[in-house]
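Worksheet: one structure, shown below.
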Amino acid sequence: MPGITIDKNHCKGCELCVRACPQHIISMSKEITVRGYFYARVHDPSRCIGCRICALVCPDVAIEVHAHGLIFELFEY
Amino acid sequence: MPGITIDKNHCKGCELCVRACPQHIISMSKEITVRGYFYARVHDPSRCIGCRICALVCPDVAIEVHAHGLIFELFEY
Amino acid sequence: MAKVLMKGNEAIAEAALRAGAEGYFCYPITPQTEVAEYLSKRMPEVGGMFLQGESELAVANMLFGAASTGKRVFTTSSSPGISLMQEAISYMAGAELPVVIINIMRGGPGLGGILPAQSDYFQAVKGGGHGDYRTLVLAPSTVQEAVDLTMLCFYLAQKYRNPVMMIGDGMIGQMMEAVEFPESYEEPPLPPPDEWAATGAKGRKARIIKSLFLDPVSLENNVLILEKKYQQMIREEVRCESYKISAKNKVLIVAYGTTARICQTVIDELEADGVSVGLFRPISLYPFPEKEILKEATRKNIKSVLTIEMSMAQMMEDVERAIQGRRPVHFYGRTGGIVPTPEEVKEQVLKVLSVKRRSTKKKS
Amino acid sequence: MAKVLMKGNEAIAEAALRAGAEGYFCYPITPQTEVAEYLSKRMPEVGGMFLQGESELAVANMLFGAASTGKRVFTTSSSPGISLMQEAISYMAGAELPVVIINIMRGGPGLGGILPAQSDYFQAVKGGGHGDYRTLVLAPSTVQEAVDLTMLCFYLAQKYRNPVMMIGDGMIGQMMEAVEFPESYEEPPLPPPDEWAATGAKGRKARIIKSLFLDPVSLENNVLILEKKYQQMIREEVRCESYKISAKNKVLIVAYGTTARICQTVIDELEADGVSVGLFRPISLYPFPEKEILKEATRKNIKSVLTIEMSMAQMMEDVERAIQGRRPVHFYGRTGGIVPTPEEVKEQVLKVLSVKRRSTKKKS
Amino acid sequence: MAVDSKTVFDRPVTLRDVVTHYCPGCTHGVIHRLVAETLDELGLRERTCGVAPVGCSVLCYNYFDTDFMEAPHGRAPALATGFKRMRPDMIVFTYQGDGDLASIGMGEIVHAANRGEKFTTIFINNAVYGMTGGQMAPTTLPGQITTTCPAGRDVNHTGEPIRIAELLAALATPGYIERVAVHTPAHILKAKKAIRKAFTLQRDNKCYTLVEVLSTCPTNWGNTPGEAIEWLDENMIKYFPLGCYKDYVEPEGK
Amino acid sequence: MAVDSKTVFDRPVTLRDVVTHYCPGCTHGVIHRLVAETLDELGLRERTCGVAPVGCSVLCYNYFDTDFMEAPHGRAPALATGFKRMRPDMIVFTYQGDGDLASIGMGEIVHAANRGEKFTTIFINNAVYGMTGGQMAPTTLPGQITTTCPAGRDVNHTGEPIRIAELLAALATPGYIERVAVHTPAHILKAKKAIRKAFTLQRDNKCYTLVEVLSTCPTNWGNTPGEAIEWLDENMIKYFPLGCYKDYVEPEGK
Amino acid sequence: MMHQYEVTFAGFGGQGIMTAGQLLAYAGIEEDKQVAWIPSYGPEMRGGTAYCTVVISDIPIGSPIISNPQCACVFNRPSFDKFTPLVKAGGLAIVNSSLIDVTTDRTDIDEILVPANEIAMKAGNAKAANVAVLGAFIGATGIVSFDTIKRVIKEKMARKKSVLEINYHALDEGRKLALKTLGKKARG
Amino acid sequence: MMHQYEVTFAGFGGQGIMTAGQLLAYAGIEEDKQVAWIPSYGPEMRGGTAYCTVVISDIPIGSPIISNPQCACVFNRPSFDKFTPLVKAGGLAIVNSSLIDVTTDRTDIDEILVPANEIAMKAGNAKAANVAVLGAFIGATGIVSFDTIKRVIKEKMARKKSVLEINYHALDEGRKLALKTLGKKARG
Ligand SMILES: Cc1ncc(C[n+]2csc(CCOP(=O)(O)OP(=O)(O)O)c2C)c(N)n1
Ligand SMILES: Cc1ncc(C[n+]2csc(CCOP(=O)(O)OP(=O)(O)O)c2C)c(N)n1
Ligand code: SF4
Ligand code: SF4
Ligand code: SF4
Ligand code: SF4
Ligand code: SF4
Ligand code: SF4
Ligand SMILES: [Mg+2]
Ligand SMILES: [Mg+2]
């Protein structure tokens with residue numbers, strides 16, 4: 001099962017991943033980071049397809065994507 | 001009858017007028033100017049057609065062209 | 001006019017307009033970009049020309065062209081940008097053009113930082129460009145003075161037909177103080193620009209605005225013409241101010257710009273502690289108030305002179321030269337964007353006082 | 001090696017190669033273009049890089065990049081071209097890069113002329129760029145010395161990791177004299193460049209070559225690191241020479257470069273006339289031989305110091321500072337491409353001798 | 001055997017694990033990652049030297065784990081030239097903003113490109129001077145408001161925006177020049193390809209290479225990161241069409 | 001009545017009656033005359049200010065009977081910009097060589113052209129640095145020998161010659177840009193037309209105008225004036241095709 | 001006899017820090033005092049701390065470098081950490097307790113806790129938090145009069161009636177809180 | 001006892017002025033003297049006058065500025081007008097009489113008329129005019145030996161035998177003329 005990890009420390013709350021996720025499973029937390037940002041988190045991890053789109057658009061490289069076994073090769077990267 | 005005057009004082013002896021005159025009536029004198037150049041002069045003034053080509057190519061604006069009455073409008077200038 | 005609260009940069013911009021500036025050419029750089037931003041709105045309102053150039057190099061040369069029309073024009077920049085203007089400044093001095101260049105200095109060398117510094121003293125005062133020329137250099141220490149000197153710059157530029165620089169540190173540009181603009185702006189009479197500017201060869205001989213003199217006799221002659229103006233500046237344009245200078249002073253502080261204000265605070269505090277210290281503040285850095293400093297420094301009770309700068313002993317050299325070995329000259333400076341606090345300056349004064357006699361060279 | 005007759009410019013070019021220069025970046029300008037022309041042939045022969053850049057501004061920045069590799073690189077130019085390099089020089093000083101910059105000075109300001117001058121003294125010695133930095137400055141007075149100092153420049157640049165300038169006037173560049181190149185070139189050991197250069201982050205941490213320090217404490221710290229080097233230069237790199245300095249001297253002449261040679265002739269002639277005059281010739285202009293001048297100038301019999309320049313009293317300021325008011329300091333200079341003749345200098349010496357005591361400021 | 005968990009997207013080695021100073025949503029960060037990934041993939045990190053500009057990316061030397069030089073404003077191409085000429089075996093890239101490259105550094109970029117210097121330029125076009133607080137850039141769009149054109153850029157006063165890819169493509173010296181964007185995943189993928197191609201051509205010592213990247217500046221455009229992406233898509237691409245403007249062609253007989 | 005003798009070709013009033021310092025056969029002189037004639041014909045002399053470059057034509061202020069400024073090397077377009085912005089009612093032209101304009105002054109010319117500054121540039125392309133004694137220029141032809149490329153220009157080392165007309169024509173701002181030559185009478189006539197068109201457009205406040213003129217440098221090319229003309233014809237025109245690269249188009253609704 | 005008063009306003013960018021200082025400076029001018037407003041323009045990371053210092057004085061202002069102000073108005077935690085320790089002994093800290101959940105352990109200064117964000121929200125606009133703190137500051141120190149600051153707010157900031165009301169309200173809440181904390185009686 | 005000798009060569013560009021001076025300077029070095037060759041690189045109009053000065057000395061050379069040389073070798077009329085008056089009293093002028101149809105009216109210097117162009121033509125190459133004058137100069141002054149100058153000509157200028165012969169010939173003609181004019185006996 002694919003999944004992502006968002007590094008709260010790097011996240012600046014730009015919401016670009018939220019906009020981009022085709023599964024609409026990322027949203028912003030109500031909490032603030034030490035740097036004063038609301039950070040992104042996955043509210044429905046089970047629906048993640050591991051497409052890596054969120055990671056691609058994240059300007060702060062805050063997102064890591066994992067896959068188990070065969071991964072969905074949406075694009076060559 | 002058309003004709004030209006070459007100002008010996010301006011002439012630097014580049015021979016561009018000599019090369020350009022369609023009537024081949026300009027040549028270089030054997031004398032040297034105060035600036036140390038052999039200067040151009042017309043050796044057969046009677047054949048001048050007043051075409052102004054010599055004056056056009058002279059980089060030192062040493063040539064004046066005169067015409068009498070109707071002049072031969074080789075080109076609009 | 002009533003007092004208004006203004007940022008130094010904006011006050012300078014407004015003062016230039018009041019002094020009749022009709023053209024402003026600029027390139028953004030911290031900490032002076034507010035001048036450009038302010039004038040991008042205001043210049044068109046007064047029918048003047050605002051143009052952001054492609055670089056400071058281009059801007060300085062645009063000034064060259066613009067000043068050749070006889071109109072009042074200026075630019076503002078900060079340290080690295082001013083370095084890029086050196087060739088053009090040398091040219092404009094050689095061609096005797098009246099331009100005003102304002103440097104809101106930041107820490108260097110290189111890209112350095114953006115905080116206040118005074119480390120472009122040498123560049124401004126000795127001339128960073130090539131050849132024998134000088135720029136008249138003024139240094140304000142308050143926003144109000146920045147206004148007054150900006151206006152004066154435009155007058156002096158015309159009077160001497162020479163580039164005039166004002167150097168303020170980032171603090172002057174960024175802080176807000178109350179300023180008052182004169183109701184109306186008046187100047188002593190000046191030769192009308194159409195006596196020398198390029199205005200078209202109509203009914204007169206064509207004019208050439210240039211610094212090229214291939215014949216060395218002519219070139220030397222041009223330099224001597226400039227030199228004559230510089231000698232006149234030395235006679236007529238020395239400006240300085242003193243603070244609590246008295247017969248009781250044991251130490252004379254020399255400082256300009258923001259540093260001088262800090263020293264005032266120090267002097268007040270020391271006075272309260274019973275230590276008498278005077279401040280000599282050069283306002284014109286070129287011409288440098290040599291005689292005036294010498295006079296104040298050689299008062300009977302003065303033991304030492306202490307130069308305070310936000311740079312590494314640059315003005316210090318001129319102070320030493322002025323003092324001619326007649327008093328020990330000490331130096332204390334911070335640099336790279338650090339503004340010295342009154343506390344540390346005070347400490348230096350006390351240190352200088354506790355030391356009997358030091359070499360004039362040693363940096364305290 | 002046998003003596004060869006060489007033009008100063010070509011001798012400088014050859015000397016640079018002998019000192020291990022592997023990269024030369026240039027832009028043509030009279031009176032130094034022969035360096036470029038010579039190296040356009042010779043550099044490829046020795047496997048080095050010759051590149052004509054698009055401008056002096058670009059060239060100075062190419063040097064910046066080239067020096068960052070740790071290799072020995074240099075440029076040559078003349079006055080206006082050097083003005084265009086000021087920003088980059090400030091950056092390279094800030095980033096501690098070893099580069100050699102040679103200025104074959106011509107008359108200024110502006111486009112000026114192309115004949116010999118020394119009017120870029122201030123620019124070279126005080127620093128024409130922004131911020132607190134210095135360049136080490138050497139000034140040869142013969143073609144042979146131009147060779148020797150060029151080679152020294154490369155060593156000093158590496159030793160201090162700082163821009164080093166050599167300033168010669170057009171005369172040095174254009175005249176031919178006999179020169180001898182050392183059979184083999186040796187230098188004291190230096191830290192290997194791969195300890196600091198950008199050579200790729202293989203097996204070590206990545207290196208950053210920069211002058212930006214946004215935090216003012218770091219920036220001040222960088223300036224203090226530089227200052228430490230400059231203090232070391234002051235201790236170790238003062239170079240000067242004297243000619244016929246003796247207890248009998250009534251006047252001490254201070255002059256450098258071509259001017260110093262002229263003064264030698266004057267001194268010889270005056271000696272023949274029974275007038276004893278000594279010459280002090282600074283070879284390093286920064287660090288300036290302050291102590292040395294003071295010592296020579298305060299010999300008992302010396303009445304006056306006379307500074308001779310091909311510029312308007314620029315070095316004069318450093319001489320005055322060095323002398324600390326202990327002798328009157330006179331000045332005589334020609335400028336704009338005029339090289340003073342021995343006759344006129346002689347006249348000045350006699351004039352100075354006939355005047356009892358003059359203000360230190362008056363230009364004679 | 002259990003199915004292993006595999007990381008399929010991670011921070012490239014060449015990109016240091018530090019928080020950048022860029023504003024939230026600024027796509028400078030995306031471009032950094034693409035460059036770093038490329039250096040990883042091509043194995044070039046250890047022999048690369050970057051050249052930082054003056055602009056918001058002035059501190060990029062803190063983010064890339066390669067040697068770096070910090071250039072005077074606009075002069076990165078000259079530094080890169082000097083460096084690469086002395087060390088042709090190394091990989092050199094400049095990372096420059098539009099103020100840096102297209103305004104003050106115009107002379108240097110045109111000449112470096114024209115000499116065919118064998119380094120790579122990553123050119124970040126965000127239509128504004130980011131670092132100094134949003135002044136007009138040569139690439140500012142007609143009508144776009146900035147702090148030095150408060151009434152919007154008037155092309156009668158300051159001319160049309162400069163299209164760098166098109167301009168440099170007009171030079172005869174061989175080179176590779178492409179314009180890309182990084183505002184959507186699909187564009188990011190294309191941008192990555194272009195950047196990889198540029199570095200590959202450099203590695204193979206072929207030609208000068210430049211990738212112009214349309215990038216956002218939410219802070220100075222005065223919008224949110226999401227709005228900035230839309231603004232770029234709707235306005236910038238129209239004026240700065242994406243695509244390859246000059247492709248490297250192997251000389252005949254080589 | 002006798003037939004009157006009439007002078008049909010004479011020195012233009014705007015060209016002072018002095019002997020120039022140019023070498024014999026150098027076509028700088030021809031170009032001077034064309035500019036002077038144009039100013040005469042359009043009646044602009046009294047409200048013109050020229051900008052002299054650094055180059056062989058540095059002294060051109062001695063030849064034109066108009067006001068003049070002498071610019072730092074390469075910066076004439078910046079001076080012209082400053083001047084014209086303050087005095088839009090005057091006519092301003094820069095006269096620049098290829099070293100001046102295409103090398104050191106690249107940034108200034110691109111930006112002046114791109115801002116649409118309403119002055120005229122007469123750009124003299126003679127494929128060499130004339131004044132300093134024949135060094136390589138950005139326009140030096142491949143294989144051409146100069147004192148700084150003694151083995152001939154190697155395009156692998158210094159790139160292809162820069163074609164200024166083509167390069168500037170790639171800018172979007174309206175302008176008029178034409179390349180002409182002055183080595184034959186016919187070319188001279190065309191050159192005159194282009195120069196006249198440029199000044200006319202300026203007079204009518206239309207756009208930036210530049211005429212690139214291919215010119216000879218017998219001294220540094222190392223040939224006679226006649227040979228120089230042939231060399232230009234055979235070599236330069238091939239590389240620098242003549243013609244109009246950008247024509248001014250009246251904006252619609254104007 | 002008061003000669004000179006220095007106060008630093010500090011917080012995140014966007015919290016109206018600079019404006020608060022400027023309003024105070026304007027008020028100083030209105031009352032014919034010498035003023036200086038000194039911003040931080042240093043290398044802030046975006047989202048970092050911004051601050052400004054206002055000096056109000058009866059005599060010309062010397063050093064614009066204020067190492068130890070008499071008062072610090074801190075709007076967020078980093079500012080609290082940085083500036084509260086710098087306050088002169090006998091001085092004052094005004095703390096935005098909406099975002100700062102600690103209090104100073106200094107015993108040599110006064111501390112006023114102002115839930116500025118809440119006050120602003122209640123007044124009708126989150127942006128008025130800075131004015132709430134300003135109200136507390138003026139209430140506590142009386143450096144300028146409330147009449148003056150109200151006039152300045154009207155002239156420089158809030159020409160719209162509704163906005164003005166909100167700000168006046170926030171100002172007053174701040175003032176009251178300060179007086180209560182310090183046990184003073186409300187003036188004007 | 002000769003310490004230092006200065007000679008100026010002057011003429012149109014293209015007359016081999018600079019080369020003549022350089023050959024002499026090389027010869028000086030060969031004979032272990034101190035030499036300096038100082039060109040004019042001033043703002044010449046093309047076709048104007050070019051000149052160089054050579055200083056040959058037993059001791060290190062001071063000023064490279066020679067206002068009054070001991071000898072002027074002038075190749076054209078403008079040079080004659082400019083330099084003959086500058087020659088030191090007791091000095092020498094060598095005048096290319098092929099192009100200069102006047103003679104000096106100074107009585108305090110010697111004058112040698114050398115029809116250099118004709119000599120060169122006769123020797124076989126118009127370009128050798130400079131060497132003819134050089135020959136006259138060395139013949140008249142003996143500053144360097146003919147052996148040396150011949151070796152230098154061979155090394156630096158004329159590797160081809162035929163060219164060498166022409167130059168040697170011109171050199172010798174110049175020398176003879178000088179000796180004849182000054183009434184000296186031919187050496188080496
Ligand atoms: C010589 C010089 N001029 C000006 C500056 C100020 N400056 C710093 S960054 C910058 C503009 C940067 O804009 P851009 O290149 O577009 O980069 P961005 O910040 O948009 O990424 C300027 C003008 C400087 N540091 N040096
Ligand atoms: C800053 C600066 N760099 C270099 C020079 C020297 N310089 C004078 S003219 C010239 C080249 C001129 O060539 P070009 O522009 O092609 O004109 P041309 O002489 O061929 O007509 C150069 C490099 C200078 N005067 N100033
Ligand atoms: S990997 Fe794809 S599906 Fe999963 S969170 Fe990211 S964008 Fe959404
Ligand atoms: S894109 Fe990255 S920085 Fe932006 S909200 Fe998502 S995780 Fe955070
Ligand atoms: S006018 Fe024509 S025909 Fe007459 S001389 Fe000139 S070129 Fe020859
Ligand atoms: S073209 Fe002019 S300068 Fe040349 S030879 Fe003829 S008249 Fe003389
Ligand atoms: S100012 Fe603009 S370009 Fe700079 S970091 Fe912020 S968003 Fe990015
Ligand atoms: S050097 Fe060339 S360009 Fe210059 S005047 Fe002579 S021929 Fe003309
Ligand atoms: Mg940008
Ligand atoms: Mg040219």
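Convention: chains lettered A, B, ... in structure tokens order; per-chain residue numbering from 1; ligands numbered from 1 as shown.
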Could you pull out the residues sitting within 7 Å of ligand 3, using only C-alpha atoms and all ligand atoms, and write them as a PyMOL selection string?
-> chain A and resi 3-4+17+20-26+42+47-55+65
If we count only C-alpha atoms, what is near Leu190 (chain D) at a cut-off of 10 Å, once residues fewer than 4 positions away on the same chain are taken out, given as a PDB file with N, CA and C atoms, in the first residue's frame?
ATOM      1  N   TYR D 155      53.010  35.461  -6.237  1.00  0.00           N
ATOM      2  CA  TYR D 155      53.302  34.839  -4.954  1.00  0.00           C
ATOM      3  C   TYR D 155      52.495  35.496  -3.828  1.00  0.00           C
ATOM      4  N   LEU D 156      52.516  36.807  -3.809  1.00  0.00           N
ATOM      5  CA  LEU D 156      51.818  37.517  -2.730  1.00  0.00           C
ATOM      6  C   LEU D 156      50.307  37.275  -2.785  1.00  0.00           C
ATOM      7  N   GLN D 158      48.841  34.621  -3.690  1.00  0.00           N
ATOM      8  CA  GLN D 158      48.574  33.317  -3.075  1.00  0.00           C
ATOM      9  C   GLN D 158      48.833  33.366  -1.574  1.00  0.00           C
ATOM     10  N   LYS D 159      49.892  34.051  -1.205  1.00  0.00           N
ATOM     11  CA  LYS D 159      50.241  34.100   0.218  1.00  0.00           C
ATOM     12  C   LYS D 159      49.106  34.694   1.041  1.00  0.00           C
ATOM     13  N   TYR D 160      48.523  35.758   0.518  1.00  0.00           N
ATOM     14  CA  TYR D 160      47.481  36.457   1.279  1.00  0.00           C
ATOM     15  C   TYR D 160      46.073  36.136   0.816  1.00  0.00           C
TER      16      TYR D 160
END
Neighbours of chain H in chain B at 10 Å, counting only C-alpha atoms, as a list in words =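 Only these qualify: Lys12, Arg35, Gly36 and Tyr37 of chain B.
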Determine which residues of chain E sit within 6 Å of chain D, taking into account only C-alpha atoms, and present them as a list in words.
->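 So the residues of chain E near chain D are Glu46, Arg47, Thr48, Asp65, Thr66, Asp67, Phe68, Met69, Glu70, Ala78, Leu79, Ala80, Gly82, Phe83 and Met86 of chain E.
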Within 10 Å of ligand 4, counting only C-alpha atoms and all ligand atoms, which protein or nucleic acid residues do you find, written as a PyMOL selection string?
-> (chain A and resi 5-21+26-29+37-42+53-64) or (chain E and resi 23-26+29-30+225-226)
Closest atom pairs, residues of chain D within 10 Å of chain G, only C-alpha atoms, as JSON lines:
{"residue": "D:Phe213", "atom": "CA", "partner": "G:Pro43", "partner_atom": "CA", "distance": 9.7}
{"residue": "D:Leu214", "atom": "CA", "partner": "G:Pro43", "partner_atom": "CA", "distance": 5.9}
{"residue": "D:Asp215", "atom": "CA", "partner": "G:Pro43", "partner_atom": "CA", "distance": 7.0}
{"residue": "D:Pro216", "atom": "CA", "partner": "G:Gly42", "partner_atom": "CA", "distance": 8.9}
Now that the selection is made, can you save its residues with N, CA, C and O atoms as a PDB file, in the first residue's frame?
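Below you can see result_21.pdb, which holds the result:
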ATOM      1  N   PHE D 213      27.634  37.868   3.932  1.00  0.00           N
ATOM      2  CA  PHE D 213      27.459  37.435   5.315  1.00  0.00           C
ATOM      3  C   PHE D 213      26.299  38.252   5.852  1.00  0.00           C
ATOM      4  O   PHE D 213      26.480  39.379   6.312  1.00  0.00           O
ATOM      5  N   LEU D 214      25.100  37.689   5.754  1.00  0.00           N
ATOM      6  CA  LEU D 214      23.923  38.485   6.102  1.00  0.00           C
ATOM      7  C   LEU D 214      23.917  38.872   7.564  1.00  0.00           C
ATOM      8  O   LEU D 214      23.454  39.943   7.932  1.00  0.00           O
ATOM      9  N   ASP D 215      24.433  38.003   8.391  1.00  0.00           N
ATOM     10  CA  ASP D 215      24.503  38.305   9.805  1.00  0.00           C
ATOM     11  C   ASP D 215      25.670  39.276  10.031  1.00  0.00           C
ATOM     12  O   ASP D 215      26.809  38.970   9.696  1.00  0.00           O
ATOM     13  N   PRO D 216      25.395  40.440  10.586  1.00  0.00           N
ATOM     14  CA  PRO D 216      26.457  41.454  10.682  1.00  0.00           C
ATOM     15  C   PRO D 216      27.641  41.000  11.539  1.00  0.00           C
ATOM     16  O   PRO D 216      28.763  41.436  11.306  1.00  0.00           O
TER      17      PRO D 216
END
Contacts to ligand 7 at 9 Å cut-off (only C-alpha atoms and all ligand atoms) as an MDAnalysis selection string | (chainID E and resid 21:29 55:57 97 124 126 128:134 215:221 225) or (chainID G and resid 46)
Tell me, as a list of chain:residue names, which residues lie within 10 Å of Glu6 (chain H), counting only C-alpha atoms; anything in the same chain fewer than 3 positions away does not count.
->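 Close residues of Glu6 (chain H): H:Val35, H:Ala36, H:Trp37, H:Thr53, H:Val54, H:Val55, H:Ile56, H:Ser57, H:Pro64, H:Ile66, H:Ser67, H:Asn68, H:Pro69, H:Gln70, H:Cys71, H:Ala72, H:Val87, H:Lys88, H:Gly91.
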